[in-house]
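This report concerns only the one structure given below.
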Amino acid sequence: KNGFPAYHHELLHEYTKYCPVIATIDKKDTYGTEAAIRECCPEVEIRGVQTPEGFLELIRGSAVYLGVGEPLIAPSCFEALSLGTHVIQPRFPSPRVLANKPITEGWTSQHPYLEKVPEPFAFTVDPGDLSTVGRAFQRIRAAFDAQYGGRAGGAAEAQVDPVALERFYGAGEYPNRDAYSIGGFLGRVAGIAQQTKPLEFRDWDWERQMHRDQLPPERRG
C-alpha cells in the first residue's frame with residue numbers, strides 16, 4: 001500500500017500492541033504516509049514536524065524509539081540512545097542494494113550501524129517473525145523494572161549489567177557509543193557524502209515506478 005512494503009504496516013501495527021505510538025510526519029510529505037498510517041493503525045498519534053528541541057524532548061520522554069524500515073541511516077536512533085531511550089528497528093527480509101547510497105554492500109537493516117549496538121539498548125527484529133518484537137518489549141520492560149521498579153532479578157531478566165543499565169538511563173552511555181555516537185555517525189556520513197555522486201536520471205526509477213504522479217514533471221520520464 002502507498003508504495004511501502006507490507007511489513008512496514010505489519011510492524012507498525014505490532015508496535016501498537018505494546019505501547020502508545022507517536023509518529024512525526026511532514027505535512028508536505030507526498031508519499032501518502034499519514035493516510036497509510038491512519039488506514040493501518042488509526043490509534044497512532046500523528047504530529048507534525050517538531051522543532052529540534054521539541055523532537056529531543058519527545059524522544060527523552062519516550063521509552064523506546066521505533067523504526068519501520070525508512071528512512072535509511074537517519075541519525076535519530078543515536079539521538080535516542082544518547083538520551084537513554086531504547087531503539088527497535090527491523091532487519092530487512094533480504095539485503096537491499098540501492099544506487100547512490102553511502103554504502104555499496106547490501107543493506108541488512110534500516111540502520112546497519114545500529115546492529116553493532118547490543119541488546120537491550122538496541123534491537124534489530126525480524127519482521128517475518130513478529131514474536132521478536134514481543135521479546136524486545138519484554139526485555140525493555142524488564143530493564144525498566146530493574147532500574148525503576150525495584151524488582152529483584154530484573155536486570156538478570158533483561159540480560160544486562162545493572163551498572164551499565166544505570167549509566168544508560170542516567171547518562172545515555174551504551175556499548176560502542178564512541179564509535180556509533182551522533183558525532184561519529186555524522187563524521188562518517190560527511191566523509192561518505194563527499195564521495196557520493198550526484199543523482200542521475202536512472203536513480204529516479206523507483207520513484208517513477210511507485211510514485212510517478214507525485215514527482216515533478218521533469219522527473220517523470
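A note on labels: chains of the C-alpha cells are A, B, ... as shown, every chain counts residues from 1, and ligands are counted from 1 in their shown order.
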
Write out as a ChimeraX atom specification the residues lying within 9 Å of region 167-174 of chain A, counting only C-alpha atoms and excluding same-chain residues fewer than 2 positions away.
/A:80-85,117-118,121,147,162-165,176-178

Within 12 Å of Glu10 (chain A) using only C-alpha atoms, minus same-chain residues under 3 positions, as a PyMOL selection string:
chain A and resi 1+4-7+13-17+36-37+40-41+68-69+90+126-130+133

In chain A, DSSP alpha helix (DSSP H) residues written as a PyMOL selection string
chain A and resi 6-15+33-40+52-60+76-82+131-144+154-158+162-171+177-180+182-193+205-211

Among region 4-173 of chain A, which ones does DSSP assign to strand (DSSP E or B) (computed from the backbone)? Answer as number ranges by chain.
A: 22-24, 45-47, 64-66, 86-96, 107-109, 122-125

List the spatial neighbours of Glu34 (chain A) as a ChimeraX atom specification - criterion: any atom at most 9 Å away, only C-alpha atoms, same-chain residues fewer than 5 positions off excluded.
/A:23,25-27,29,39,46

Hey, can you spit out that residue selection with all heavy atoms as a PDB file, in the first residue's frame?
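Once everything was written out, this is part-v2.pdb:
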```pdb
ATOM      1  N   ALA A  23       3.858   9.280  15.788  1.00  0.00           N
ATOM      2  CA  ALA A  23       4.591   9.452  14.534  1.00  0.00           C
ATOM      3  C   ALA A  23       4.673  10.932  14.207  1.00  0.00           C
ATOM      4  O   ALA A  23       3.677  11.649  14.327  1.00  0.00           O
ATOM      5  CB  ALA A  23       3.896   8.699  13.403  1.00  0.00           C
ATOM      6  N   ILE A  25       5.266  13.511  11.168  1.00  0.00           N
ATOM      7  CA  ILE A  25       5.214  13.484   9.703  1.00  0.00           C
ATOM      8  C   ILE A  25       5.169  14.902   9.157  1.00  0.00           C
ATOM      9  O   ILE A  25       4.411  15.741   9.639  1.00  0.00           O
ATOM     10  CB  ILE A  25       3.974  12.701   9.222  1.00  0.00           C
ATOM     11  CG1 ILE A  25       4.033  11.261   9.727  1.00  0.00           C
ATOM     12  CG2 ILE A  25       3.873  12.723   7.700  1.00  0.00           C
ATOM     13  CD1 ILE A  25       2.800  10.458   9.394  1.00  0.00           C
ATOM     14  N   ASP A  26       5.974  15.127   8.156  1.00  0.00           N
ATOM     15  CA  ASP A  26       5.982  16.422   7.483  1.00  0.00           C
ATOM     16  C   ASP A  26       4.668  16.582   6.715  1.00  0.00           C
ATOM     17  O   ASP A  26       4.289  15.719   5.915  1.00  0.00           O
ATOM     18  CB  ASP A  26       7.167  16.477   6.515  1.00  0.00           C
ATOM     19  CG  ASP A  26       7.400  17.862   5.937  1.00  0.00           C
ATOM     20  OD1 ASP A  26       6.457  18.685   5.960  1.00  0.00           O
ATOM     21  OD2 ASP A  26       8.516  18.121   5.456  1.00  0.00           O
ATOM     22  N   LYS A  27       3.966  17.662   6.948  1.00  0.00           N
ATOM     23  CA  LYS A  27       2.695  17.906   6.256  1.00  0.00           C
ATOM     24  C   LYS A  27       2.893  18.061   4.750  1.00  0.00           C
ATOM     25  O   LYS A  27       1.930  17.940   3.992  1.00  0.00           O
ATOM     26  CB  LYS A  27       2.022  19.156   6.831  1.00  0.00           C
ATOM     27  CG  LYS A  27       1.583  19.006   8.282  1.00  0.00           C
ATOM     28  CD  LYS A  27       0.562  17.880   8.443  1.00  0.00           C
ATOM     29  CE  LYS A  27       0.094  17.778   9.886  1.00  0.00           C
ATOM     30  NZ  LYS A  27      -0.883  16.670  10.064  1.00  0.00           N
ATOM     31  N   ASP A  29       4.715  15.992   3.070  1.00  0.00           N
ATOM     32  CA  ASP A  29       5.002  14.638   2.586  1.00  0.00           C
ATOM     33  C   ASP A  29       4.116  14.303   1.395  1.00  0.00           C
ATOM     34  O   ASP A  29       2.898  14.520   1.424  1.00  0.00           O
ATOM     35  CB  ASP A  29       4.748  13.637   3.725  1.00  0.00           C
ATOM     36  CG  ASP A  29       4.772  12.196   3.256  1.00  0.00           C
ATOM     37  OD1 ASP A  29       5.864  11.710   2.959  1.00  0.00           O
ATOM     38  OD2 ASP A  29       3.695  11.574   3.179  1.00  0.00           O
ATOM     39  N   GLU A  39      -4.951   4.531   7.967  1.00  0.00           N
ATOM     40  CA  GLU A  39      -5.687   3.357   7.500  1.00  0.00           C
ATOM     41  C   GLU A  39      -5.222   2.089   8.210  1.00  0.00           C
ATOM     42  O   GLU A  39      -6.028   1.248   8.583  1.00  0.00           O
ATOM     43  CB  GLU A  39      -5.483   3.202   5.989  1.00  0.00           C
ATOM     44  CG  GLU A  39      -6.215   1.984   5.404  1.00  0.00           C
ATOM     45  CD  GLU A  39      -5.979   1.828   3.929  1.00  0.00           C
ATOM     46  OE1 GLU A  39      -5.367   2.725   3.308  1.00  0.00           O
ATOM     47  OE2 GLU A  39      -6.397   0.789   3.383  1.00  0.00           O
ATOM     48  N   ILE A  46      -0.540  11.126  15.421  1.00  0.00           N
ATOM     49  CA  ILE A  46       0.273  11.758  14.384  1.00  0.00           C
ATOM     50  C   ILE A  46       0.493  13.225  14.724  1.00  0.00           C
ATOM     51  O   ILE A  46      -0.457  13.966  14.970  1.00  0.00           O
ATOM     52  CB  ILE A  46      -0.398  11.615  13.008  1.00  0.00           C
ATOM     53  CG1 ILE A  46      -0.476  10.130  12.618  1.00  0.00           C
ATOM     54  CG2 ILE A  46       0.378  12.395  11.945  1.00  0.00           C
ATOM     55  CD1 ILE A  46      -1.158   9.873  11.307  1.00  0.00           C
TER      56      ILE A  46
END
```

In terms of the shortest atom-to-atom distance over only C-alpha atoms, which of A:Gln214, A:Phe92, A:Arg202, A:Gln195 is closest to Glu70 (chain A)?
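Closest to Glu70 (chain A) of all the choices is A:Phe92.
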
List the spatial neighbours of Thr24 (chain A) as a count of residues only - criterion: any atom at most 9 Å away, only C-alpha atoms, same-chain residues fewer than 6 positions off excluded.
7
